[in-house]
Amino acid sequence: MTRISYLAAIGEAQREAMAADPRVILIGEDVQSNLYGTAPNFVEMFGVERVRNAPISEEGFVGAAAGAAMTGLRPIVDLTYASFMYMAMDQFVNQVAKNRYMFGGQASLPVVYRASMFYRSSTAAHHSDRPYPMFMNVPGLKIMVPSGAYEAKGLLRTAIDLDDPVLSFEDATLWTKKQDLPDEEFRIPFGVANLVTEGTDVTVVAIAGAVEEARKAVAALAGEGVSAELIDPRTLVPLDVETILKSVAKTGRLVVADPAHRTCGAAAEISALVNEYGFDSLKAPILRVNTPDIQIPFSPSLERPLYPSARRIQEAVKRAIGAVASASP
Amino acid sequence: MPELTEVYAPVEVDRETQLEMLRRMQRVRSFELTVASLVKKGELPGAVHTSLGQEAEVVGACMALAPTDYMTGNHRSHGHPIGKGASLPPLMAELLGKSTGVCRGKGGSMHLADFSVGSLGESGVVGSAIPVATGAALSAHVLGNGRVALCFFGDGAANQGCLHESLNLAAIWKLPVIFLCENNQYASTTPARTVLSVDRVAQRASGYSIPGVTVEDGQDVLAVYAAVKVAVDRARRGEGPSIVEIMTYRYSEHSEGLLHAGAYRDAAERESWIARDPLVLHRARLLTAGVATEAELDQLVSDVEDEVASALEFAVASPLPEPAEAYADLFTTPIPQFGGMV
């Protein structure tokens, strides 16, 4: 076992994949200087042909990576901040997501687009977005939301192996968080949730950085005699609905903690699925712990309370089990 | 950087290639006339954009490529795969939404693709496939397989940001890509001269330190071929991208069945272009040069018309896709739709 950070784990996955397959290349702004820490010594190891500094032209290089993937390469694209994906929205939606389907299966797009969600750091509205729900609404994209170093590495190896386009939404609140990882190579399959903690009273589904907060909430609740089951879906497309439904069948209650905005979010989708397919098991309304539908403000005092925190998750669980009265939304 | 006027010069083209140019232009012409008549009769679903009048530009460019080279295009799409050598029956079947269509009925007129001839897909969104072609050139460059990529785009797409990002990217990475502007002078009804900051799109090449050339007589298939060939050879030698702009004209409206939205172009202008029809010009040249006889060319045209007729027969006789086929082809590794359709 080696203790490494979330960022270093991403770098390890990229290094292993590039060492294993010369078709894997890395494209992104400032990748050659390893500005963000996920490409240490990559130029020395793989050369500038495979480690490509991109100009600040998201639409251009996102589309170029798609074209390269359609013709024999397996690119990894580092977009750094998730908000920059909007510059390339046409390419993501009209080319990356559609080119296999629209051409009747003639194309394969083995390409991974990595973007970090840099919230809770006073970077304000242009750098703090968590936009995975927007892309969940686009058929043709697979979406991973790693909640720790282990998931970051294992899911990214699978993503690079897949012949389908993958968007990786990396949670910058976890960047420096370390974990013991196996020394041998490993992969985590897509569409298989992780049962983080078993419990009997309530199911908590948490996404990306919210998993860490939920872990704290579940521990605190245990001290109060509440047994919560914590599930990390790990990928949102595909989503492991079966594991969530099985858990709710046992607990009868569901709280979803999701750092994205509330409306049409991942939590909303999970809630709708459980409502449609698990209604008979429910003993209480499903509750969402989201970021409210406002933009992210700069001042720490304004920003910090907005995201799902251990305290907010704990409160939602208590409401779900009837320990406190339901507040108005 | 070469001077614009120096970039291309007449080239030697062998007899078979000259005949093949006429054959492919005739294929585009006959295919699209057939398609237009189907639209008129209400027998073809969706929107259709023809390149009638632009055949020399389409075929001259495609024939300057090798069969293994890549190509992307736009909504005015039929000519591109035909020019690249695609088989007609699956193209016609695609337009009729049949399961034997080249895209299995998923793409239709605006989104044809035939990967077997390097056609990586037409884009219904103007300019959107330009970065994709740039990426195909990136893969050719990194894999060192000697291929080049060509993207067709119109005068309308010349003002899309993705073109400029792709030009810069291709220039700094010296990618083997040809940015082929089909300047038919109108984006739907908007005259190019009213929305372009330059007289000729190729002038923009200087902003990216790459060669740019305009073929003023884009109805001359040999002139187009010669200009594109220079850019293709240059790309294949590893010398990077070029812009080749072809001045041409579409005879029909922006899309079939679209009524004239006011007098955005006058009848005399259209007539003057029709008077210099690319197929007629090339045929006359072949006869004058003694490349072929009247009888041989008549036979060529008649063979192509038979080919298009049998493509239509194939398309009409083909089955429509089963509704369940809508769920296929989204992913290489599929994801089941949870709970199915309610």
# chains A, B, ... in the order shown; residues from 1 in each chain; ligands from 1
$ residues_around --residues "stretch 78-86 of chain A" --least-positions-apart "6" --cutoff "8 Å" --atoms "only C-alpha atoms" --output "tab-separated table (two decimals) with all heavy atoms, in the first residue's frame"
chain	number	residue	atom	x	y	z
A	26	LEU	N	-2.05	12.92	-23.75
A	26	LEU	CA	-2.62	13.89	-22.81
A	26	LEU	C	-2.60	15.27	-23.46
A	26	LEU	O	-1.57	15.72	-23.96
A	26	LEU	CB	-1.80	13.89	-21.51
A	26	LEU	CG	-2.23	14.87	-20.42
A	26	LEU	CD1	-3.64	14.56	-19.90
A	26	LEU	CD2	-1.23	14.84	-19.25
A	27	ILE	N	-3.77	15.93	-23.46
A	27	ILE	CA	-3.89	17.27	-24.03
A	27	ILE	C	-4.47	18.19	-22.95
A	27	ILE	O	-5.45	17.83	-22.30
A	27	ILE	CB	-4.87	17.28	-25.23
A	27	ILE	CG1	-4.40	16.33	-26.34
A	27	ILE	CG2	-5.04	18.69	-25.79
A	27	ILE	CD1	-5.43	16.13	-27.45
A	28	GLY	N	-3.89	19.36	-22.78
A	28	GLY	CA	-4.48	20.30	-21.83
A	28	GLY	C	-3.62	21.54	-21.68
A	28	GLY	O	-2.46	21.54	-22.08
A	29	GLU	N	-4.21	22.55	-21.10
A	29	GLU	CA	-3.44	23.77	-20.84
A	29	GLU	C	-2.47	23.49	-19.69
A	29	GLU	O	-2.85	22.93	-18.67
A	29	GLU	CB	-4.40	24.91	-20.49
A	29	GLU	CG	-5.23	25.33	-21.70
A	29	GLU	CD	-6.58	25.96	-21.33
A	29	GLU	OE1	-6.73	26.46	-20.21
A	29	GLU	OE2	-7.48	25.93	-22.19
A	31	VAL	N	-0.16	21.31	-19.20
A	31	VAL	CA	0.15	19.94	-18.77
A	31	VAL	C	1.66	19.68	-18.77
A	31	VAL	O	2.17	18.92	-17.96
A	31	VAL	CB	-0.58	18.85	-19.59
A	31	VAL	CG1	-2.07	18.87	-19.30
A	31	VAL	CG2	-0.30	18.97	-21.08
A	36	TYR	N	-1.02	21.55	-12.45
A	36	TYR	CA	-2.02	21.09	-11.48
A	36	TYR	C	-1.59	19.83	-10.73
A	36	TYR	O	-2.29	19.37	-9.86
A	36	TYR	CB	-3.37	20.89	-12.17
A	36	TYR	CG	-3.96	22.21	-12.61
A	36	TYR	CD1	-3.70	22.74	-13.86
A	36	TYR	CD2	-4.74	22.96	-11.72
A	36	TYR	CE1	-4.20	23.97	-14.25
A	36	TYR	CE2	-5.25	24.20	-12.09
A	36	TYR	CZ	-4.97	24.70	-13.36
A	36	TYR	OH	-5.48	25.92	-13.72
A	58	GLU	N	-10.79	25.91	-25.85
A	58	GLU	CA	-11.49	24.70	-25.41
A	58	GLU	C	-12.30	24.06	-26.53
A	58	GLU	O	-12.31	22.85	-26.69
A	58	GLU	CB	-12.39	25.00	-24.21
A	58	GLU	CG	-11.65	25.10	-22.88
A	58	GLU	CD	-11.02	26.45	-22.65
A	58	GLU	OE1	-11.24	27.37	-23.48
A	58	GLU	OE2	-10.31	26.63	-21.65
A	113	TYR	N	-12.52	13.29	-20.79
A	113	TYR	CA	-12.40	14.73	-20.51
A	113	TYR	C	-12.43	14.91	-19.00
A	113	TYR	O	-13.40	14.57	-18.35
A	113	TYR	CB	-13.55	15.49	-21.17
A	113	TYR	CG	-13.53	15.42	-22.68
A	113	TYR	CD1	-14.33	14.49	-23.36
A	113	TYR	CD2	-12.72	16.26	-23.43
A	113	TYR	CE1	-14.31	14.42	-24.74
A	113	TYR	CE2	-12.69	16.19	-24.82
A	113	TYR	CZ	-13.49	15.27	-25.47
A	113	TYR	OH	-13.47	15.20	-26.84
A	114	ARG	N	-11.33	15.44	-18.46
A	114	ARG	CA	-11.24	15.64	-17.01
A	114	ARG	C	-11.44	17.11	-16.67
A	114	ARG	O	-10.87	17.99	-17.31
A	114	ARG	CB	-9.86	15.19	-16.51
A	114	ARG	CG	-9.59	13.69	-16.69
A	114	ARG	CD	-8.21	13.34	-16.14
A	114	ARG	NE	-7.94	14.14	-14.98
A	114	ARG	CZ	-6.91	14.99	-14.87
A	114	ARG	NH1	-6.01	15.08	-15.82
A	114	ARG	NH2	-6.77	15.74	-13.80
A	115	ALA	N	-12.26	17.35	-15.65
A	115	ALA	CA	-12.49	18.73	-15.22
A	115	ALA	C	-12.65	18.74	-13.72
A	115	ALA	O	-13.28	17.84	-13.15
A	115	ALA	CB	-13.75	19.26	-15.88
A	116	SER	N	-12.08	19.76	-13.07
A	116	SER	CA	-12.21	19.78	-11.62
A	116	SER	C	-13.24	20.82	-11.19
A	116	SER	O	-13.40	21.86	-11.81
A	116	SER	CB	-10.86	20.04	-10.96
A	116	SER	OG	-10.44	21.33	-11.26
A	117	MET	N	-13.93	20.46	-10.12
A	117	MET	CA	-14.96	21.32	-9.56
A	117	MET	C	-14.31	22.04	-8.37
A	117	MET	O	-14.11	21.46	-7.31
A	117	MET	CB	-16.15	20.46	-9.12
A	117	MET	CG	-16.64	19.56	-10.26
A	117	MET	SD	-18.11	18.63	-9.87
A	117	MET	CE	-17.46	17.39	-8.73
A	118	PHE	N	-13.97	23.29	-8.61
A	118	PHE	CA	-13.10	24.01	-7.67
A	118	PHE	C	-13.94	24.88	-6.74
A	118	PHE	O	-13.81	26.10	-6.71
A	118	PHE	CB	-12.12	24.85	-8.49
A	118	PHE	CG	-10.85	25.16	-7.78
A	118	PHE	CD1	-9.88	24.18	-7.59
A	118	PHE	CD2	-10.60	26.44	-7.30
A	118	PHE	CE1	-8.70	24.47	-6.94
A	118	PHE	CE2	-9.42	26.73	-6.64
A	118	PHE	CZ	-8.47	25.75	-6.46
A	126	HIS	N	-17.27	32.07	-11.52
A	126	HIS	CA	-16.70	31.55	-12.76
A	126	HIS	C	-15.80	30.32	-12.61
A	126	HIS	O	-15.35	29.78	-13.61
A	126	HIS	CB	-15.95	32.65	-13.52
A	126	HIS	CG	-16.86	33.52	-14.34
A	126	HIS	ND1	-16.41	34.54	-15.12
A	126	HIS	CD2	-18.21	33.51	-14.49
A	126	HIS	CE1	-17.43	35.13	-15.73
A	126	HIS	NE2	-18.53	34.52	-15.34
A	127	HIS	N	-15.48	29.93	-11.41
A	127	HIS	CA	-14.60	28.78	-11.25
A	127	HIS	C	-15.15	27.69	-10.34
A	127	HIS	O	-14.48	26.70	-10.10
A	127	HIS	CB	-13.23	29.22	-10.71
A	127	HIS	CG	-12.37	29.92	-11.72
A	127	HIS	ND1	-12.68	31.15	-12.20
A	127	HIS	CD2	-11.21	29.55	-12.32
A	127	HIS	CE1	-11.74	31.52	-13.07
A	127	HIS	NE2	-10.85	30.57	-13.16
A	128	SER	N	-16.35	27.87	-9.81
A	128	SER	CA	-16.82	26.99	-8.74
A	128	SER	C	-17.88	25.99	-9.17
A	128	SER	O	-18.47	25.32	-8.33
A	128	SER	CB	-17.41	27.84	-7.61
A	128	SER	OG	-16.50	28.83	-7.20
A	129	ASP	N	-18.15	25.89	-10.46
A	129	ASP	CA	-19.31	25.10	-10.87
A	129	ASP	C	-19.12	23.59	-10.70
A	129	ASP	O	-18.01	23.07	-10.75
A	129	ASP	CB	-19.68	25.42	-12.31
A	129	ASP	CG	-20.39	26.76	-12.41
A	129	ASP	OD1	-20.55	27.42	-11.36
A	129	ASP	OD2	-20.79	27.14	-13.51
A	130	ARG	N	-20.24	22.93	-10.52
A	130	ARG	CA	-20.32	21.47	-10.41
A	130	ARG	C	-21.34	21.01	-11.44
A	130	ARG	O	-22.48	20.68	-11.12
A	130	ARG	CB	-20.75	21.10	-8.97
A	130	ARG	CG	-19.72	21.50	-7.94
A	130	ARG	CD	-20.15	22.53	-6.86
A	130	ARG	NE	-21.49	22.94	-6.85
A	130	ARG	CZ	-21.93	24.12	-7.32
A	130	ARG	NH1	-21.10	25.01	-7.84
A	130	ARG	NH2	-23.19	24.43	-7.26
A	131	PRO	N	-20.96	21.05	-12.72
A	131	PRO	CA	-22.01	20.98	-13.77
A	131	PRO	C	-22.38	19.58	-14.26
A	131	PRO	O	-22.96	19.46	-15.33
A	131	PRO	CB	-21.38	21.81	-14.91
A	131	PRO	CG	-19.91	21.64	-14.73
A	131	PRO	CD	-19.65	21.36	-13.28
A	169	PHE	N	-15.62	14.31	-13.43
A	169	PHE	CA	-15.79	15.51	-12.62
A	169	PHE	C	-15.05	15.30	-11.30
A	169	PHE	O	-15.49	14.53	-10.45
A	169	PHE	CB	-17.27	15.81	-12.39
A	169	PHE	CG	-17.94	16.32	-13.63
A	169	PHE	CD1	-18.58	15.44	-14.50
A	169	PHE	CD2	-17.90	17.67	-13.95
A	169	PHE	CE1	-19.17	15.90	-15.67
A	169	PHE	CE2	-18.49	18.14	-15.13
A	169	PHE	CZ	-19.12	17.26	-15.98
$ select_by_dssp --residues "stretch 91-303 of chain A" --states "strand (DSSP E or B)" --output "ChimeraX atom specification"
/A:112-117,142-144,166-171,178-181,194-197,202-206,228-232,235-237,254-261,287-291
$ closest_residue --among "B:Ala56, B:Glu12, B:Pro81, B:Val224" --to "B:Arg283" --atoms "only C-alpha atoms"
B:Ala56
$ closest_residue --among "A:Val241, A:Leu195, A:Ala284, A:Ala208" --to "chain B" --atoms "only C-alpha atoms"
A:Val241
$ atom_distance --atom1 "atom CA of B:Gln219" --atom2 "atom CA of B:Val198"
22.0 Å
$ closest_atom_pairs --of "chain A" --to "chain B" --cutoff "8 Å" --atoms "only C-alpha atoms" --output "Markdown table"
| residue | atom | partner | partner_atom | distance |
| --- | --- | --- | --- | --- |
| A:Arg23 | CA | B:Leu143 | CA | 7.9 |
| A:Glu49 | CA | B:Val142 | CA | 6.8 |
| A:Arg50 | CA | B:Val142 | CA | 7.8 |
| A:Ala54 | CA | B:Leu169 | CA | 7.9 |
| A:Pro55 | CA | B:Leu169 | CA | 7.2 |
| A:Ser57 | CA | B:Glu165 | CA | 5.8 |
| A:Glu59 | CA | B:Cys162 | CA | 6.1 |
| A:Gly60 | CA | B:Glu165 | CA | 5.1 |
| A:Phe61 | CA | B:Pro131 | CA | 7.2 |
| A:Val62 | CA | B:Pro131 | CA | 7.9 |
| A:Gly63 | CA | B:Pro131 | CA | 4.7 |
| A:Ala64 | CA | B:Gly135 | CA | 3.5 |
| A:Ala65 | CA | B:Gly135 | CA | 5.6 |
| A:Ala66 | CA | B:Val132 | CA | 6.1 |
| A:Gly67 | CA | B:Val132 | CA | 4.0 |
| A:Ala68 | CA | B:Gly135 | CA | 4.4 |
| A:Ala69 | CA | B:Ser139 | CA | 7.8 |
| A:Met70 | CA | B:Ala136 | CA | 7.3 |
| A:Thr71 | CA | B:Ala136 | CA | 5.8 |
| A:Gly72 | CA | B:Ser139 | CA | 6.5 |
| A:Leu73 | CA | B:Ser139 | CA | 5.9 |
| A:Asp90 | CA | B:Ser128 | CA | 7.2 |
| A:Gln91 | CA | B:Ser128 | CA | 6.9 |
| A:Asn94 | CA | B:Ser128 | CA | 7.6 |
| A:Gln95 | CA | B:Ala129 | CA | 7.4 |
| A:Lys98 | CA | B:Leu330 | CA | 7.8 |
| A:Asn99 | CA | B:Gly121 | CA | 7.9 |
| A:Arg100 | CA | B:Leu330 | CA | 6.2 |
| A:Tyr101 | CA | B:Leu330 | CA | 4.7 |
| A:Met102 | CA | B:Gly107 | CA | 4.8 |
| A:Phe103 | CA | B:Cys103 | CA | 4.5 |
| A:Gly104 | CA | B:Cys103 | CA | 4.0 |
| A:Gly105 | CA | B:Asp329 | CA | 4.8 |
| A:Gln106 | CA | B:Phe115 | CA | 6.6 |
| A:Ala107 | CA | B:Phe115 | CA | 7.9 |
| A:Ser108 | CA | B:Thr332 | CA | 6.6 |
| A:Pro139 | CA | B:Leu330 | CA | 7.6 |
| A:Gly140 | CA | B:Leu330 | CA | 5.7 |
| A:Leu162 | CA | B:Thr333 | CA | 7.6 |
| A:Asp163 | CA | B:Thr332 | CA | 6.0 |
| A:Asp164 | CA | B:Thr332 | CA | 6.0 |
| A:Pro238 | CA | B:Ile335 | CA | 6.4 |
| A:Val241 | CA | B:Phe338 | CA | 7.7 |
$ select_by_dssp --residues "stretch 165-318 of chain A" --states "helix (DSSP H, G or I)" --output "number ranges by chain"
A: 172-174, 210-223, 241-251, 266-281, 300-306, 310-318
$ residues_around --residues "stretch 201-209 of chain B" --least-positions-apart "3" --cutoff "8 Å" --atoms "only C-alpha atoms" --output "NGL selection string"
:B and (1 or 155 or 158 or 167-168 or 171 or 181 or 196 or 198 or 212-214 or 242-245)
$ write_last_selection --atoms "all heavy atoms" --output "JSON list (two decimals), in the first residue's frame"
[["chain", "number", "residue", "atom", "x", "y", "z"],
["B", 1, "MET", "N", 6.17, 31.75, -45.98],
["B", 1, "MET", "CA", 4.80, 31.45, -46.44],
["B", 1, "MET", "C", 4.68, 31.72, -47.94],
["B", 1, "MET", "O", 5.05, 32.80, -48.38],
["B", 1, "MET", "CB", 3.82, 32.33, -45.68],
["B", 1, "MET", "CG", 2.40, 31.91, -45.87],
["B", 1, "MET", "SD", 1.27, 32.87, -44.84],
["B", 1, "MET", "CE", 1.57, 34.52, -45.38],
["B", 155, "ASP", "N", -19.00, 29.56, -46.51],
["B", 155, "ASP", "CA", -18.68, 30.95, -46.17],
["B", 155, "ASP", "C", -19.35, 31.34, -44.85],
["B", 155, "ASP", "O", -18.84, 32.17, -44.11],
["B", 155, "ASP", "CB", -19.09, 31.91, -47.29],
["B", 155, "ASP", "CG", -20.49, 31.61, -47.81],
["B", 155, "ASP", "OD1", -20.64, 30.66, -48.59],
["B", 155, "ASP", "OD2", -21.44, 32.30, -47.38],
["B", 158, "ALA", "N", -17.23, 30.31, -41.96],
["B", 158, "ALA", "CA", -15.96, 31.06, -41.88],
["B", 158, "ALA", "C", -15.95, 32.01, -40.68],
["B", 158, "ALA", "O", -14.89, 32.44, -40.24],
["B", 158, "ALA", "CB", -15.73, 31.84, -43.17],
["B", 167, "LEU", "N", -7.82, 26.48, -36.77],
["B", 167, "LEU", "CA", -6.73, 26.97, -37.63],
["B", 167, "LEU", "C", -5.47, 27.20, -36.79],
["B", 167, "LEU", "O", -4.36, 26.79, -37.17],
["B", 167, "LEU", "CB", -7.13, 28.29, -38.30],
["B", 167, "LEU", "CG", -8.07, 28.17, -39.50],
["B", 167, "LEU", "CD1", -8.65, 29.54, -39.85],
["B", 167, "LEU", "CD2", -7.34, 27.59, -40.71],
["B", 168, "ASN", "N", -5.65, 27.82, -35.65],
["B", 168, "ASN", "CA", -4.49, 28.08, -34.79],
["B", 168, "ASN", "C", -3.88, 26.79, -34.27],
["B", 168, "ASN", "O", -2.66, 26.60, -34.29],
["B", 168, "ASN", "CB", -4.91, 29.00, -33.62],
["B", 168, "ASN", "CG", -3.72, 29.39, -32.77],
["B", 168, "ASN", "OD1", -2.80, 30.03, -33.24],
["B", 168, "ASN", "ND2", -3.73, 28.95, -31.51],
["B", 171, "ALA", "N", -2.10, 25.02, -36.97],
["B", 171, "ALA", "CA", -0.88, 25.73, -37.36],
["B", 171, "ALA", "C", 0.24, 25.50, -36.35],
["B", 171, "ALA", "O", 1.37, 25.18, -36.72],
["B", 171, "ALA", "CB", -1.17, 27.23, -37.50],
["B", 181, "CYS", "N", -12.81, 25.86, -47.83],
["B", 181, "CYS", "CA", -13.99, 26.72, -47.78],
["B", 181, "CYS", "C", -14.76, 26.66, -49.10],
["B", 181, "CYS", "O", -14.26, 27.03, -50.15],
["B", 181, "CYS", "CB", -13.59, 28.17, -47.49],
["B", 181, "CYS", "SG", -15.03, 29.25, -47.39],
["B", 196, "LEU", "N", -18.55, 39.10, -43.83],
["B", 196, "LEU", "CA", -17.12, 38.76, -43.75],
["B", 196, "LEU", "C", -16.30, 40.04, -43.66],
["B", 196, "LEU", "O", -16.56, 41.00, -44.39],
["B", 196, "LEU", "CB", -16.68, 37.99, -45.00],
["B", 196, "LEU", "CG", -16.95, 36.49, -45.08],
["B", 196, "LEU", "CD1", -16.65, 35.98, -46.48],
["B", 196, "LEU", "CD2", -16.11, 35.73, -44.06],
["B", 198, "VAL", "N", -13.31, 40.19, -44.57],
["B", 198, "VAL", "CA", -12.32, 40.11, -45.64],
["B", 198, "VAL", "C", -13.04, 39.87, -46.96],
["B", 198, "VAL", "O", -14.18, 39.40, -46.98],
["B", 198, "VAL", "CB", -11.30, 38.97, -45.40],
["B", 198, "VAL", "CG1", -10.28, 39.35, -44.34],
["B", 198, "VAL", "CG2", -12.01, 37.67, -45.02],
["B", 212, "GLY", "N", -2.84, 30.34, -47.84],
["B", 212, "GLY", "CA", -4.26, 30.41, -48.17],
["B", 212, "GLY", "C", -4.39, 30.75, -49.63],
["B", 212, "GLY", "O", -3.66, 31.59, -50.14],
["B", 213, "VAL", "N", -5.29, 30.07, -50.32],
["B", 213, "VAL", "CA", -5.45, 30.32, -51.74],
["B", 213, "VAL", "C", -6.93, 30.32, -52.08],
["B", 213, "VAL", "O", -7.71, 29.58, -51.46],
["B", 213, "VAL", "CB", -4.69, 29.25, -52.57],
["B", 213, "VAL", "CG1", -5.24, 27.87, -52.30],
["B", 213, "VAL", "CG2", -4.74, 29.56, -54.05],
["B", 214, "THR", "N", -7.31, 31.17, -53.03],
["B", 214, "THR", "CA", -8.69, 31.17, -53.51],
["B", 214, "THR", "C", -8.71, 30.72, -54.95],
["B", 214, "THR", "O", -7.96, 31.25, -55.78],
["B", 214, "THR", "CB", -9.31, 32.58, -53.41],
["B", 214, "THR", "OG1", -9.25, 33.01, -52.05],
["B", 214, "THR", "CG2", -10.76, 32.58, -53.88],
["B", 242, "SER", "N", -3.42, 24.22, -44.57],
["B", 242, "SER", "CA", -3.65, 25.31, -45.53],
["B", 242, "SER", "C", -5.15, 25.61, -45.57],
["B", 242, "SER", "O", -5.96, 24.76, -45.22],
["B", 242, "SER", "CB", -3.28, 24.90, -46.96],
["B", 242, "SER", "OG", -2.04, 24.26, -47.02],
["B", 243, "ILE", "N", -5.45, 26.81, -46.03],
["B", 243, "ILE", "CA", -6.84, 27.12, -46.39],
["B", 243, "ILE", "C", -6.93, 27.12, -47.91],
["B", 243, "ILE", "O", -6.12, 27.75, -48.57],
["B", 243, "ILE", "CB", -7.29, 28.51, -45.88],
["B", 243, "ILE", "CG1", -7.26, 28.58, -44.35],
["B", 243, "ILE", "CG2", -8.70, 28.84, -46.39],
["B", 243, "ILE", "CD1", -7.67, 29.95, -43.79],
["B", 244, "VAL", "N", -7.89, 26.38, -48.44],
["B", 244, "VAL", "CA", -8.18, 26.48, -49.87],
["B", 244, "VAL", "C", -9.64, 26.91, -49.98],
["B", 244, "VAL", "O", -10.54, 26.24, -49.47],
["B", 244, "VAL", "CB", -7.96, 25.14, -50.61],
["B", 244, "VAL", "CG1", -8.23, 25.33, -52.10],
["B", 244, "VAL", "CG2", -6.54, 24.62, -50.39],
["B", 245, "GLU", "N", -9.84, 28.05, -50.60],
["B", 245, "GLU", "CA", -11.20, 28.59, -50.75],
["B", 245, "GLU", "C", -11.63, 28.44, -52.21],
["B", 245, "GLU", "O", -10.87, 28.78, -53.12],
["B", 245, "GLU", "CB", -11.21, 30.07, -50.37],
["B", 245, "GLU", "CG", -12.54, 30.77, -50.58],
["B", 245, "GLU", "CD", -12.45, 32.27, -50.29],
["B", 245, "GLU", "OE1", -11.35, 32.83, -50.42],
["B", 245, "GLU", "OE2", -13.48, 32.86, -49.92]]
$ closest_residue --among "A:Ser5, A:Thr197, A:Thr203, A:Ser301" --to "A:Glu151" --atoms "only C-alpha atoms"
A:Ser5
$ closest_residue --among "B:Gly290, B:Gly60, B:Pro211, B:Gly257" --to "B:Val228" --atoms "only C-alpha atoms"
B:Gly60
$ atom_distance --atom1 "atom CA of A:Asp201" --atom2 "atom CA of A:Val226"
6.6 Å
$ residues_around --residues "A:Gln32" --least-positions-apart "2" --cutoff "9 Å" --atoms "only C-alpha atoms" --output "number ranges by chain"
A: 28-30, 34-35, 39-43, 48, 51-53
$ closest_residue --among "B:Ala36, B:Leu96, B:Ile82, B:Ala157" --to "B:Ala317" --atoms "only C-alpha atoms"
B:Leu96
$ residues_around --residues "B:Val177" --least-positions-apart "4" --cutoff "6 Å" --atoms "only C-alpha atoms" --output "list of chain:residue names"
B:Ala137, B:Val148, B:Ala149, B:Leu150, B:Pro241
$ write_last_selection --atoms "N, CA and C atoms" --output "CSV table (one decimal), in the first residue's frame"
chain,number,residue,atom,x,y,z
B,137,ALA,N,-6.6,14.8,-38.1
B,137,ALA,CA,-5.2,15.1,-38.6
B,137,ALA,C,-4.2,14.9,-37.4
B,148,VAL,N,-4.0,12.4,-44.3
B,148,VAL,CA,-4.4,13.8,-44.1
B,148,VAL,C,-5.9,13.9,-43.9
B,149,ALA,N,-6.3,15.1,-43.4
B,149,ALA,CA,-7.7,15.3,-43.2
B,149,ALA,C,-8.1,16.6,-43.9
B,150,LEU,N,-9.4,16.6,-44.4
B,150,LEU,CA,-9.9,17.7,-45.1
B,150,LEU,C,-11.3,18.1,-44.5
B,241,PRO,N,-1.0,22.8,-42.2
B,241,PRO,CA,-2.3,23.1,-42.8
B,241,PRO,C,-2.3,24.2,-43.8
